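*Asks:* Contents of target_21.cif (mmCIF, C-alpha atoms):
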```cif
data_final
#
loop_
_atom_site.label_atom_id
_atom_site.label_comp_id
_atom_site.auth_asym_id
_atom_site.auth_seq_id
_atom_site.Cartn_x
_atom_site.Cartn_y
_atom_site.Cartn_z
CA MET A 1 18.94 10.03 19.39
CA SER A 2 16.94 8.91 16.36
CA SER A 3 15.32 11.30 13.92
CA ALA A 4 11.99 9.44 14.17
CA VAL A 5 9.04 11.68 13.41
CA GLU A 6 5.87 10.41 15.08
CA PRO A 7 3.32 11.00 12.26
CA ILE A 8 5.63 9.22 9.76
CA GLN A 9 6.07 6.27 12.10
CA THR A 10 2.33 6.05 12.77
CA LEU A 11 1.62 6.07 9.03
CA ALA A 12 4.25 3.37 8.41
CA VAL A 13 2.78 1.17 11.18
CA LYS A 14 -0.74 1.51 9.74
CA LEU A 15 0.50 0.73 6.21
CA SER A 16 2.41 -2.34 7.44
CA MET A 17 -0.92 -3.79 8.63
CA LEU A 18 -1.96 -4.22 4.98
CA PRO A 19 -1.36 -7.67 3.45
CA GLY A 20 1.99 -8.07 1.68
CA ILE A 21 3.35 -4.78 3.03
CA GLY A 22 6.40 -5.42 5.21
CA SER A 23 7.85 -2.82 7.55
CA LYS A 24 10.53 -1.65 5.05
CA THR A 25 7.98 -1.25 2.25
CA ALA A 26 5.68 0.56 4.69
CA VAL A 27 8.43 3.11 5.45
CA ARG A 28 9.09 3.61 1.72
CA LEU A 29 5.38 4.13 1.07
CA ALA A 30 5.11 6.55 4.00
CA TYR A 31 7.95 8.68 2.59
CA HIS A 32 6.39 8.50 -0.86
CA ILE A 33 3.11 9.78 0.57
CA LEU A 34 5.00 12.68 2.19
CA GLU A 35 6.47 13.59 -1.19
CA MET A 36 3.21 13.28 -3.13
CA PRO A 37 1.35 16.46 -4.03
CA GLU A 38 -0.71 17.26 -0.92
CA GLU A 39 -3.96 16.94 -2.87
CA SER A 40 -3.05 13.42 -4.05
CA ALA A 41 -2.35 12.31 -0.48
CA ARG A 42 -5.67 13.74 0.64
CA GLU A 43 -7.45 11.98 -2.24
CA LEU A 44 -5.92 8.65 -1.18
CA ALA A 45 -7.11 9.18 2.39
CA ARG A 46 -10.56 10.18 1.14
CA ALA A 47 -10.76 7.16 -1.17
CA ILE A 48 -10.18 4.89 1.85
CA GLU A 49 -12.84 6.61 3.93
CA ASN A 50 -15.23 6.86 1.02
CA ALA A 51 -14.91 3.15 0.18
CA ARG A 52 -15.63 2.26 3.80
CA GLU A 53 -18.57 4.64 4.05
CA LYS A 54 -20.25 4.08 0.70
CA VAL A 55 -19.63 0.40 0.01
CA HIS A 56 -21.91 -2.14 1.68
CA PHE A 57 -23.48 -5.45 0.76
CA CYS A 58 -26.26 -5.84 -1.83
CA SER A 59 -29.50 -6.51 0.05
CA VAL A 60 -30.30 -9.45 -2.25
CA CYS A 61 -27.08 -11.30 -3.07
CA GLY A 62 -24.46 -9.93 -0.65
CA ASN A 63 -22.18 -8.52 -3.39
CA TYR A 64 -20.35 -5.24 -2.78
CA THR A 65 -22.32 -2.20 -3.92
CA ASP A 66 -22.73 1.49 -3.25
CA ALA A 67 -26.45 1.32 -4.11
CA GLU A 68 -29.40 -0.66 -2.69
CA LEU A 69 -28.93 -3.42 -5.29
CA CYS A 70 -25.59 -4.42 -6.81
CA SER A 71 -25.03 -3.96 -10.55
CA VAL A 72 -25.68 -7.66 -11.20
CA CYS A 73 -29.00 -7.84 -9.30
CA ALA A 74 -30.08 -4.52 -10.86
CA ASP A 75 -29.31 -5.70 -14.41
CA PRO A 76 -32.60 -6.79 -16.10
CA THR A 77 -30.73 -8.56 -18.92
CA ARG A 78 -29.31 -11.19 -16.56
CA THR A 79 -31.24 -14.38 -15.94
CA GLY A 80 -32.64 -14.85 -12.47
CA GLU A 81 -32.99 -18.61 -13.04
CA LEU A 82 -29.30 -19.34 -12.54
CA VAL A 83 -27.62 -18.46 -9.24
CA CYS A 84 -23.93 -18.93 -8.52
CA VAL A 85 -23.10 -19.38 -4.83
CA VAL A 86 -19.70 -17.99 -3.83
CA GLU A 87 -17.83 -17.67 -0.56
CA ASN A 88 -16.96 -13.97 -0.78
CA ALA A 89 -18.00 -10.88 -2.68
CA ARG A 90 -14.47 -10.77 -4.11
CA ASP A 91 -15.12 -14.04 -5.95
CA ILE A 92 -17.79 -12.24 -8.00
CA THR A 93 -15.11 -9.99 -9.50
CA ALA A 94 -13.26 -13.10 -10.73
CA MET A 95 -16.48 -14.58 -12.19
CA GLU A 96 -17.42 -11.33 -13.91
CA LYS A 97 -14.01 -11.02 -15.55
CA MET A 98 -14.74 -14.30 -17.35
CA ARG A 99 -17.75 -12.60 -19.05
CA GLU A 100 -19.39 -15.99 -19.69
CA PHE A 101 -21.73 -16.20 -16.71
CA HIS A 102 -25.02 -14.40 -17.19
CA GLY A 103 -26.88 -15.47 -14.07
CA ARG A 104 -26.91 -13.92 -10.61
CA TYR A 105 -24.93 -14.54 -7.43
CA HIS A 106 -25.36 -15.42 -3.80
CA VAL A 107 -22.55 -14.59 -1.41
CA LEU A 108 -22.30 -16.90 1.60
CA GLY A 109 -19.87 -14.65 3.45
CA GLY A 110 -17.77 -17.66 4.48
CA VAL A 111 -17.91 -21.47 4.61
CA ILE A 112 -18.98 -23.97 7.23
CA SER A 113 -15.93 -24.63 9.38
CA PRO A 114 -16.50 -26.40 12.72
CA MET A 115 -12.81 -25.89 13.61
CA ASP A 116 -13.35 -22.13 13.48
CA GLY A 117 -16.75 -22.39 15.14
CA ILE A 118 -18.60 -21.42 11.93
CA GLY A 119 -21.82 -23.37 11.51
CA PRO A 120 -24.52 -23.26 8.78
CA GLY A 121 -26.32 -20.55 10.76
CA ASP A 122 -23.31 -18.24 10.57
CA ILE A 123 -23.25 -17.95 6.77
CA ARG A 124 -26.03 -16.76 4.43
CA ILE A 125 -27.68 -20.16 3.77
CA LYS A 126 -31.12 -19.19 5.12
CA GLU A 127 -31.12 -16.19 2.77
CA LEU A 128 -30.37 -18.56 -0.13
CA GLN A 129 -33.35 -20.76 0.84
CA THR A 130 -35.59 -17.69 0.95
CA ARG A 131 -34.43 -16.60 -2.50
CA ILE A 132 -35.12 -20.07 -3.95
CA ALA A 133 -38.63 -19.99 -2.45
CA GLU A 134 -39.34 -16.47 -3.74
CA GLU A 135 -37.37 -16.02 -6.99
CA GLY A 136 -37.77 -18.24 -10.03
CA ILE A 137 -34.40 -19.97 -9.53
CA THR A 138 -34.03 -23.26 -11.41
CA GLU A 139 -30.34 -23.99 -10.92
CA VAL A 140 -27.85 -23.26 -8.16
CA ILE A 141 -24.16 -23.56 -9.08
CA ILE A 142 -22.04 -23.95 -5.97
CA ALA A 143 -18.69 -22.27 -6.55
CA THR A 144 -17.12 -22.50 -3.11
CA ASN A 145 -13.36 -23.17 -3.18
CA PRO A 146 -12.24 -26.82 -3.63
CA ASP A 147 -10.83 -27.21 -0.11
CA VAL A 148 -12.22 -29.25 2.81
CA GLU A 149 -14.56 -26.52 4.10
CA GLY A 150 -15.65 -25.50 0.60
CA GLU A 151 -16.52 -29.09 -0.33
CA ALA A 152 -18.33 -29.71 2.95
CA THR A 153 -20.33 -26.51 2.51
CA ALA A 154 -21.24 -27.52 -1.07
CA THR A 155 -22.45 -30.93 0.09
CA TYR A 156 -24.43 -29.41 2.97
CA ILE A 157 -26.16 -26.89 0.69
CA SER A 158 -26.94 -29.47 -2.02
CA ARG A 159 -28.67 -31.75 0.51
CA LEU A 160 -30.58 -28.85 1.95
CA LEU A 161 -31.81 -27.64 -1.45
CA LYS A 162 -32.84 -31.02 -2.91
CA PRO A 163 -36.43 -30.76 -1.51
CA PHE A 164 -36.89 -27.45 -3.34
CA GLY A 165 -36.74 -29.26 -6.71
CA VAL A 166 -33.95 -27.01 -8.04
CA ARG A 167 -30.96 -28.34 -9.92
CA VAL A 168 -27.88 -28.06 -7.69
CA THR A 169 -24.53 -28.23 -9.48
CA ARG A 170 -20.92 -27.95 -8.37
CA ILE A 171 -18.36 -25.95 -10.27
CA ALA A 172 -15.96 -28.43 -11.95
CA HIS A 173 -12.56 -29.17 -10.51
CA GLY A 174 -10.83 -27.38 -13.32
CA ILE A 175 -9.70 -25.11 -10.54
CA PRO A 176 -6.41 -26.45 -9.18
CA ILE A 177 -6.97 -28.10 -5.80
CA GLY A 178 -5.61 -25.91 -3.03
CA GLY A 179 -6.09 -22.89 -5.29
CA ASN A 180 -8.37 -19.99 -4.67
CA LEU A 181 -11.19 -18.82 -6.94
CA GLU A 182 -9.91 -15.27 -6.67
CA TYR A 183 -6.55 -16.00 -8.32
CA VAL A 184 -7.61 -18.38 -11.06
CA ASP A 185 -7.30 -17.33 -14.73
CA GLU A 186 -10.43 -16.72 -16.77
CA MET A 187 -10.03 -19.79 -19.02
CA THR A 188 -9.77 -22.21 -16.08
CA LEU A 189 -12.79 -20.60 -14.55
CA TYR A 190 -14.69 -20.94 -17.83
CA LYS A 191 -13.81 -24.66 -18.06
CA ALA A 192 -14.87 -25.13 -14.49
CA ILE A 193 -18.28 -23.64 -15.18
CA GLU A 194 -18.67 -25.59 -18.43
CA GLY A 195 -17.83 -28.95 -16.82
CA ARG A 196 -20.09 -28.47 -13.80
CA ARG A 197 -21.66 -31.70 -12.52
CA GLU A 198 -24.87 -32.62 -10.75
CA LEU A 199 -24.57 -33.01 -6.99
CA MET B 200 -22.30 -5.75 -17.25
CA SER B 201 -19.45 -5.75 -14.76
CA SER B 202 -19.96 -5.67 -11.02
CA ALA B 203 -17.55 -2.74 -10.64
CA VAL B 204 -18.29 -0.61 -7.61
CA GLU B 205 -17.06 2.95 -8.08
CA PRO B 206 -15.63 3.65 -4.57
CA ILE B 207 -13.68 0.33 -4.68
CA GLN B 208 -12.28 1.14 -8.13
CA THR B 209 -11.35 4.67 -7.07
CA LEU B 210 -9.54 3.32 -4.01
CA ALA B 211 -7.70 0.71 -6.11
CA VAL B 212 -6.62 3.38 -8.63
CA LYS B 213 -5.30 5.64 -5.84
CA LEU B 214 -3.45 2.74 -4.22
CA SER B 215 -1.89 1.71 -7.55
CA MET B 216 -0.24 5.14 -7.72
CA LEU B 217 2.01 4.14 -4.80
CA PRO B 218 5.45 2.78 -5.74
CA GLY B 219 5.63 -1.00 -6.10
CA ILE B 220 1.86 -1.41 -5.97
CA GLY B 221 0.61 -2.90 -9.26
CA SER B 222 -3.05 -2.90 -10.26
CA LYS B 223 -3.69 -6.46 -9.01
CA THR B 224 -2.10 -5.73 -5.62
CA ALA B 225 -4.08 -2.49 -5.47
CA VAL B 226 -7.37 -4.39 -5.92
CA ARG B 227 -6.34 -6.90 -3.21
CA LEU B 228 -5.48 -4.05 -0.83
CA ALA B 229 -8.76 -2.28 -1.61
CA TYR B 230 -10.75 -5.40 -0.73
CA HIS B 231 -8.67 -5.87 2.40
CA ILE B 232 -9.46 -2.30 3.46
CA LEU B 233 -13.18 -3.04 2.94
CA GLU B 234 -12.88 -6.02 5.24
CA MET B 235 -10.86 -4.24 7.93
CA PRO B 236 -12.68 -3.09 11.07
CA GLU B 237 -14.14 0.30 10.10
CA GLU B 238 -12.10 2.04 12.79
CA SER B 239 -8.82 0.61 11.44
CA ALA B 240 -9.62 1.86 7.94
CA ARG B 241 -10.42 5.29 9.32
CA GLU B 242 -7.14 5.28 11.31
CA LEU B 243 -5.20 4.49 8.13
CA ALA B 244 -6.88 7.38 6.30
CA ARG B 245 -6.24 9.66 9.25
CA ALA B 246 -2.57 8.61 9.46
CA ILE B 247 -2.12 9.65 5.82
CA GLU B 248 -3.76 13.03 6.34
CA ASN B 249 -2.01 13.56 9.65
CA ALA B 250 1.43 12.81 8.19
CA ARG B 251 0.79 15.29 5.36
CA GLU B 252 -0.55 17.96 7.72
CA LYS B 253 1.90 17.67 10.61
CA VAL B 254 5.16 16.76 8.92
CA HIS B 255 7.20 19.52 7.34
CA PHE B 256 10.88 20.38 6.95
CA CYS B 257 13.12 21.46 9.84
CA SER B 258 13.75 25.19 9.46
CA VAL B 259 17.50 24.69 9.97
CA CYS B 260 18.54 21.48 8.21
CA GLY B 261 15.57 20.47 6.05
CA ASN B 262 14.99 17.14 7.83
CA TYR B 263 11.43 15.87 8.32
CA THR B 264 9.89 17.03 11.60
CA ASP B 265 6.57 17.76 13.23
CA ALA B 266 8.13 20.52 15.37
CA GLU B 267 9.98 23.75 14.55
CA LEU B 268 13.37 22.02 14.80
CA CYS B 269 13.98 18.36 13.94
CA SER B 270 15.10 15.97 16.70
CA VAL B 271 18.73 16.17 15.49
CA CYS B 272 18.93 19.98 15.44
CA ALA B 273 17.11 20.14 18.79
CA ASP B 274 19.50 17.67 20.45
CA PRO B 275 22.10 19.65 22.51
CA THR B 276 24.37 16.58 22.86
CA ARG B 277 25.13 16.53 19.13
CA THR B 278 28.08 18.45 17.80
CA GLY B 279 27.32 21.41 15.59
CA GLU B 280 30.87 21.38 14.20
CA LEU B 281 30.27 18.45 11.87
CA VAL B 282 27.56 18.68 9.21
CA CYS B 283 26.61 15.88 6.85
CA VAL B 284 25.10 17.06 3.54
CA VAL B 285 22.53 14.65 2.09
CA GLU B 286 20.25 14.71 -0.95
CA ASN B 287 16.98 13.90 0.80
CA ALA B 288 15.48 13.86 4.27
CA ARG B 289 15.06 10.09 3.87
CA ASP B 290 18.84 9.69 3.77
CA ILE B 291 18.98 10.94 7.37
CA THR B 292 16.99 7.92 8.53
CA ALA B 293 19.67 5.67 7.00
CA MET B 294 22.47 7.67 8.65
CA GLU B 295 20.73 7.65 12.03
CA LYS B 296 20.24 3.88 11.95
CA MET B 297 24.04 3.54 11.86
CA ARG B 298 24.20 5.28 15.29
CA GLU B 299 27.82 6.32 14.66
CA PHE B 300 27.32 9.85 13.38
CA HIS B 301 26.94 12.47 16.08
CA GLY B 302 26.97 15.65 14.00
CA ARG B 303 24.12 17.45 12.30
CA TYR B 304 22.68 17.36 8.78
CA HIS B 305 21.93 19.57 5.85
CA VAL B 306 19.35 18.39 3.32
CA LEU B 307 19.88 19.67 -0.23
CA GLY B 308 16.47 18.55 -1.43
CA GLY B 309 17.97 17.23 -4.65
CA VAL B 310 21.17 17.37 -6.71
CA ILE B 311 22.42 19.58 -9.51
CA SER B 312 21.16 18.02 -12.73
CA PRO B 313 21.33 20.20 -15.87
CA MET B 314 19.48 17.48 -17.84
CA ASP B 315 16.48 17.94 -15.54
CA GLY B 316 16.91 21.70 -15.44
CA ILE B 317 18.03 21.67 -11.78
CA GLY B 318 20.78 24.20 -11.12
CA PRO B 319 22.67 25.15 -7.91
CA GLY B 320 19.96 27.74 -7.15
CA ASP B 321 17.27 25.08 -7.07
CA ILE B 322 18.72 23.10 -4.16
CA ARG B 323 19.53 24.31 -0.63
CA ILE B 324 23.16 25.35 -1.25
CA LYS B 325 22.69 29.00 -0.27
CA GLU B 326 21.20 27.83 3.06
CA LEU B 327 24.30 25.68 3.61
CA GLN B 328 26.56 28.70 3.00
CA THR B 329 24.54 30.74 5.51
CA ARG B 330 24.83 27.98 8.10
CA ILE B 331 28.61 27.81 7.62
CA ALA B 332 28.85 31.59 8.09
CA GLU B 333 26.64 31.59 11.20
CA GLU B 334 27.16 28.25 12.99
CA GLY B 335 30.54 27.01 14.22
CA ILE B 336 30.84 24.37 11.50
CA THR B 337 34.41 23.05 10.98
CA GLU B 338 33.75 20.08 8.68
CA VAL B 339 31.20 19.36 5.96
CA ILE B 340 30.84 15.72 4.91
CA ILE B 341 29.18 15.48 1.50
CA ALA B 342 27.08 12.32 1.39
CA THR B 343 25.31 12.72 -1.94
CA ASN B 344 24.87 9.46 -3.84
CA PRO B 345 27.85 8.19 -5.92
CA ASP B 346 26.21 8.77 -9.30
CA VAL B 347 27.00 11.44 -11.94
CA GLU B 348 24.76 14.13 -10.43
CA GLY B 349 25.76 13.31 -6.85
CA GLU B 350 29.49 13.53 -7.71
CA ALA B 351 29.03 16.76 -9.67
CA THR B 352 27.07 18.30 -6.81
CA ALA B 353 29.78 17.23 -4.32
CA THR B 354 32.50 18.82 -6.46
CA TYR B 355 30.47 22.01 -6.92
CA ILE B 356 29.84 22.37 -3.18
CA SER B 357 33.46 21.62 -2.23
CA ARG B 358 34.73 24.36 -4.55
CA LEU B 359 32.14 26.78 -3.26
CA LEU B 360 33.00 26.10 0.40
CA LYS B 361 36.80 26.20 0.10
CA PRO B 362 36.94 30.02 0.75
CA PHE B 363 35.08 29.53 4.05
CA GLY B 364 38.08 27.65 5.49
CA VAL B 365 36.01 24.62 6.49
CA ARG B 366 37.17 21.07 5.89
CA VAL B 367 35.08 19.55 3.09
CA THR B 368 35.09 15.75 2.88
CA ARG B 369 33.37 13.21 0.69
CA ILE B 370 31.78 10.05 2.04
CA ALA B 371 33.96 7.09 0.91
CA HIS B 372 32.97 4.86 -1.96
CA GLY B 373 32.25 2.00 0.34
CA ILE B 374 28.75 2.47 -1.00
CA PRO B 375 28.36 0.29 -4.09
CA ILE B 376 28.38 2.44 -7.25
CA GLY B 377 24.90 2.70 -8.69
CA GLY B 378 23.52 2.03 -5.23
CA ASN B 379 21.43 4.40 -3.19
CA LEU B 380 22.23 5.70 0.29
CA GLU B 381 18.74 4.81 1.44
CA TYR B 382 19.14 1.06 0.84
CA VAL B 383 22.69 0.52 2.05
CA ASP B 384 23.33 -1.63 5.14
CA GLU B 385 24.63 0.04 8.31
CA MET B 386 28.11 -1.52 8.16
CA THR B 387 28.79 -0.27 4.62
CA LEU B 388 27.58 3.14 5.64
CA TYR B 389 29.89 3.08 8.69
CA LYS B 390 32.89 2.15 6.50
CA ALA B 391 31.97 4.90 4.08
CA ILE B 392 31.97 7.49 6.86
CA GLU B 393 35.21 6.15 8.37
CA GLY B 394 37.09 6.21 5.05
CA ARG B 395 35.95 9.67 4.03
CA ARG B 396 38.55 11.62 2.04
CA GLU B 397 39.42 15.28 1.61
CA LEU B 398 38.02 16.94 -1.52
#
```
Step by step, read the file and then write its structure as structure tokens.

*Replies:*
Amino acid sequence: MSSAVEPIQTLAVKLSMLPGIGSKTAVRLAYHILEMPEESARELARAIENAREKVHFCSVCGNYTDAELCSVCADPTRTGELVCVVENARDITAMEKMREFHGRYHVLGGVISPMDGIGPGDIRIKELQTRIAEEGITEVIIATNPDVEGEATATYISRLLKPFGVRVTRIAHGIPIGGNLEYVDEMTLYKAIEGRREL
Amino acid sequence: MSSAVEPIQTLAVKLSMLPGIGSKTAVRLAYHILEMPEESARELARAIENAREKVHFCSVCGNYTDAELCSVCADPTRTGELVCVVENARDITAMEKMREFHGRYHVLGGVISPMDGIGPGDIRIKELQTRIAEEGITEVIIATNPDVEGEATATYISRLLKPFGVRVTRIAHGIPIGGNLEYVDEMTLYKAIEGRREL
């Protein structure tokens, strides 16, 4: 009865799995893709596969990269003394947009969350300890999000790192509580870095 | 200086070419795709390529299909006497959702628009004439959109078809003026079909 065409429906279903794409938008996008020049559609498909194939985590900090080291770790002009600890690789993009942080990063790949069964061993805390022992790090800025898990993770890490004799600071609460590092404007982020306090 | 990773940026740029996807949303989607299970990302890419490869236009009516004939033209229970002329294949989806139209379709693939250099020879009017001469069509409902080009195209076709002795009707203006067939609710569309008038 219906004029449903299977490959269009499949495409719409796959598109609707993306965040913020409802089923109506997915159908519109699917039709748009059908009407795009064939080469453009193929380039979009290839960009998806290429991103998944080429992009992996930096072997040092856990940032996204298509090389062995990410562009931050590979940059000799950046100080290795200052390390900013973030929850996700995406948070680095937000920090870099600010253009005021010249240190390096360490991506935890999550936060401690007993409710979700995520303990300290499930995020990259051991790797951070190794870096502090091996690199000349003098200060660790903890920039996890200001929610319950982010605060708990910050406190846990600060206690753990005290014996290493490094300065452990917490990004200031210039970030609105309940907000997310990824969506904060550059000025707020700058204030948050500036007003960081000792833990 | 920036931590930009080329395959992520390329993916975001390609995604931002889709309608309604701004550059910020495109970056969010790109990161989401990176965090999807690898197989899901590959399935999305494949769905895009598959839709572009498999889907083409029905050789009779111009509807989307992955077979020789679309599901409407291939359906023997539908009457071939009544043909609804639409601008785009997408409009058929809207008509079919209504579930009250049991005829067939003819997709023009556009409307006459001298401003855009589109004349009667650039849309599938000749194919419609051939169908009227060959198939047992008794009524043609013109369901182009109620804008300047859609009205002009409807008038042009009705004049052209008069000598064939077929009834030529125009979908009623139950559709809000300035609106688009694709986004109209099923009830409005039903009223528009019901109140169709002779041209």

*Asks:* Can you check which residues of chain A have any atom within 9 Å of chain B? Use only C-alpha atoms and format it as a tab-separated table (two decimals) with C-alpha atoms, keeping the file's coordinate frame.

*Replies:*
```
chain	number	residue	atom	x	y	z
A	1	MET	CA	18.94	10.03	19.39
A	2	SER	CA	16.94	8.91	16.36
A	3	SER	CA	15.32	11.30	13.92
A	4	ALA	CA	11.99	9.44	14.17
A	5	VAL	CA	9.04	11.68	13.41
A	6	GLU	CA	5.87	10.41	15.08
A	7	PRO	CA	3.32	11.00	12.26
A	8	ILE	CA	5.63	9.22	9.76
A	9	GLN	CA	6.07	6.27	12.10
A	10	THR	CA	2.33	6.05	12.77
A	11	LEU	CA	1.62	6.07	9.03
A	12	ALA	CA	4.25	3.37	8.41
A	14	LYS	CA	-0.74	1.51	9.74
A	15	LEU	CA	0.50	0.73	6.21
A	18	LEU	CA	-1.96	-4.22	4.98
A	19	PRO	CA	-1.36	-7.67	3.45
A	20	GLY	CA	1.99	-8.07	1.68
A	25	THR	CA	7.98	-1.25	2.25
A	28	ARG	CA	9.09	3.61	1.72
A	29	LEU	CA	5.38	4.13	1.07
A	30	ALA	CA	5.11	6.55	4.00
A	31	TYR	CA	7.95	8.68	2.59
A	32	HIS	CA	6.39	8.50	-0.86
A	33	ILE	CA	3.11	9.78	0.57
A	34	LEU	CA	5.00	12.68	2.19
A	35	GLU	CA	6.47	13.59	-1.19
A	38	GLU	CA	-0.71	17.26	-0.92
A	40	SER	CA	-3.05	13.42	-4.05
A	41	ALA	CA	-2.35	12.31	-0.48
A	42	ARG	CA	-5.67	13.74	0.64
A	43	GLU	CA	-7.45	11.98	-2.24
A	44	LEU	CA	-5.92	8.65	-1.18
A	45	ALA	CA	-7.11	9.18	2.39
A	46	ARG	CA	-10.56	10.18	1.14
A	47	ALA	CA	-10.76	7.16	-1.17
A	48	ILE	CA	-10.18	4.89	1.85
A	49	GLU	CA	-12.84	6.61	3.93
A	50	ASN	CA	-15.23	6.86	1.02
A	51	ALA	CA	-14.91	3.15	0.18
A	52	ARG	CA	-15.63	2.26	3.80
A	53	GLU	CA	-18.57	4.64	4.05
A	54	LYS	CA	-20.25	4.08	0.70
A	55	VAL	CA	-19.63	0.40	0.01
A	56	HIS	CA	-21.91	-2.14	1.68
A	63	ASN	CA	-22.18	-8.52	-3.39
A	64	TYR	CA	-20.35	-5.24	-2.78
A	65	THR	CA	-22.32	-2.20	-3.92
A	66	ASP	CA	-22.73	1.49	-3.25
A	70	CYS	CA	-25.59	-4.42	-6.81
A	71	SER	CA	-25.03	-3.96	-10.55
A	72	VAL	CA	-25.68	-7.66	-11.20
A	75	ASP	CA	-29.31	-5.70	-14.41
A	78	ARG	CA	-29.31	-11.19	-16.56
A	90	ARG	CA	-14.47	-10.77	-4.11
A	92	ILE	CA	-17.79	-12.24	-8.00
A	93	THR	CA	-15.11	-9.99	-9.50
A	96	GLU	CA	-17.42	-11.33	-13.91
A	97	LYS	CA	-14.01	-11.02	-15.55
A	99	ARG	CA	-17.75	-12.60	-19.05
```

*Asks:* Work out how far atom CA of A:Asp116 is from atom CA of A:Arg131, in Å to one decimal.

*Replies:*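 Calculated distance between atom CA of A:Arg131 and atom CA of A:Asp116 is 27.0 Å.
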
*Asks:* Could you work out how far atom CA of A:Pro146 lies from atom CA of A:Ser113, giving the answer in Å with one decimal?

*Replies:*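 Spanning atom CA of A:Ser113 to atom CA of A:Pro146 is a straight-line distance of 13.7 Å.
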
*Asks:* Tell me, in Å to one decimal, how far atom CA of B:Thr337 is from atom CA of B:Gly318.

*Replies:*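 Taking atom CA of B:Thr337 and atom CA of B:Gly318, their separation equals 26.0 Å.
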
*Asks:* Restricting the calculation to only C-alpha atoms: of B:Asp346, B:Glu267, B:Thr368, B:Arg323, which residue gets closest to B:Gly309?

*Replies:*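 Ranking B:Asp346, B:Glu267, B:Thr368, B:Arg323 by distance to B:Gly309, first place goes to B:Arg323.
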
*Asks:* Would you list the residues near (-31.6, -19.4, 0.1), meaning any protein, DNA or RNA residue with an atom at most 10 Å from that point in file coordinates, counting only C-alpha atoms, as a PyMOL selection string?

*Replies:* chain A and resi 61+85+106+108+124-135+140+157+160-161

*Asks:* For the structure shown, which residues end up in the PyMOL selection byres ((chain B and resi 352) around 9)? Put them as a count of residues only, please?

*Replies:* 15

*Asks:* Output stretch 42-52 of chain A as a CSV table (one decimal), in the coordinates of the input, making sure N, CA, C and O atoms are there.

*Replies:*
```csv
chain,number,residue,atom,x,y,z
A,42,ARG,N,-4.3,13.6,0.1
A,42,ARG,CA,-5.7,13.7,0.6
A,42,ARG,C,-6.7,12.9,-0.1
A,42,ARG,O,-7.6,12.3,0.5
A,43,GLU,N,-6.5,12.8,-1.4
A,43,GLU,CA,-7.4,12.0,-2.2
A,43,GLU,C,-7.3,10.5,-1.9
A,43,GLU,O,-8.4,9.8,-1.8
A,44,LEU,N,-6.1,10.0,-1.6
A,44,LEU,CA,-5.9,8.6,-1.2
A,44,LEU,C,-6.6,8.4,0.1
A,44,LEU,O,-7.4,7.4,0.3
A,45,ALA,N,-6.4,9.3,1.1
A,45,ALA,CA,-7.1,9.2,2.4
A,45,ALA,C,-8.6,9.2,2.2
A,45,ALA,O,-9.3,8.4,2.8
A,46,ARG,N,-9.1,10.1,1.4
A,46,ARG,CA,-10.6,10.2,1.1
A,46,ARG,C,-11.1,8.9,0.5
A,46,ARG,O,-12.2,8.5,0.7
A,47,ALA,N,-10.3,8.4,-0.5
A,47,ALA,CA,-10.8,7.2,-1.2
A,47,ALA,C,-11.0,6.0,-0.2
A,47,ALA,O,-11.9,5.2,-0.3
A,48,ILE,N,-10.1,5.9,0.8
A,48,ILE,CA,-10.2,4.9,1.8
A,48,ILE,C,-11.5,5.1,2.6
A,48,ILE,O,-12.3,4.2,2.8
A,49,GLU,N,-11.7,6.3,3.1
A,49,GLU,CA,-12.8,6.6,3.9
A,49,GLU,C,-14.1,6.4,3.1
A,49,GLU,O,-15.1,5.9,3.6
A,50,ASN,N,-14.1,6.9,1.9
A,50,ASN,CA,-15.2,6.9,1.0
A,50,ASN,C,-15.6,5.4,0.7
A,50,ASN,O,-16.8,5.1,0.8
A,51,ALA,N,-14.6,4.6,0.5
A,51,ALA,CA,-14.9,3.2,0.2
A,51,ALA,C,-15.6,2.5,1.4
A,51,ALA,O,-16.6,1.8,1.3
A,52,ARG,N,-15.0,2.8,2.6
A,52,ARG,CA,-15.6,2.3,3.8
A,52,ARG,C,-17.0,2.8,4.1
A,52,ARG,O,-17.9,2.1,4.6
```
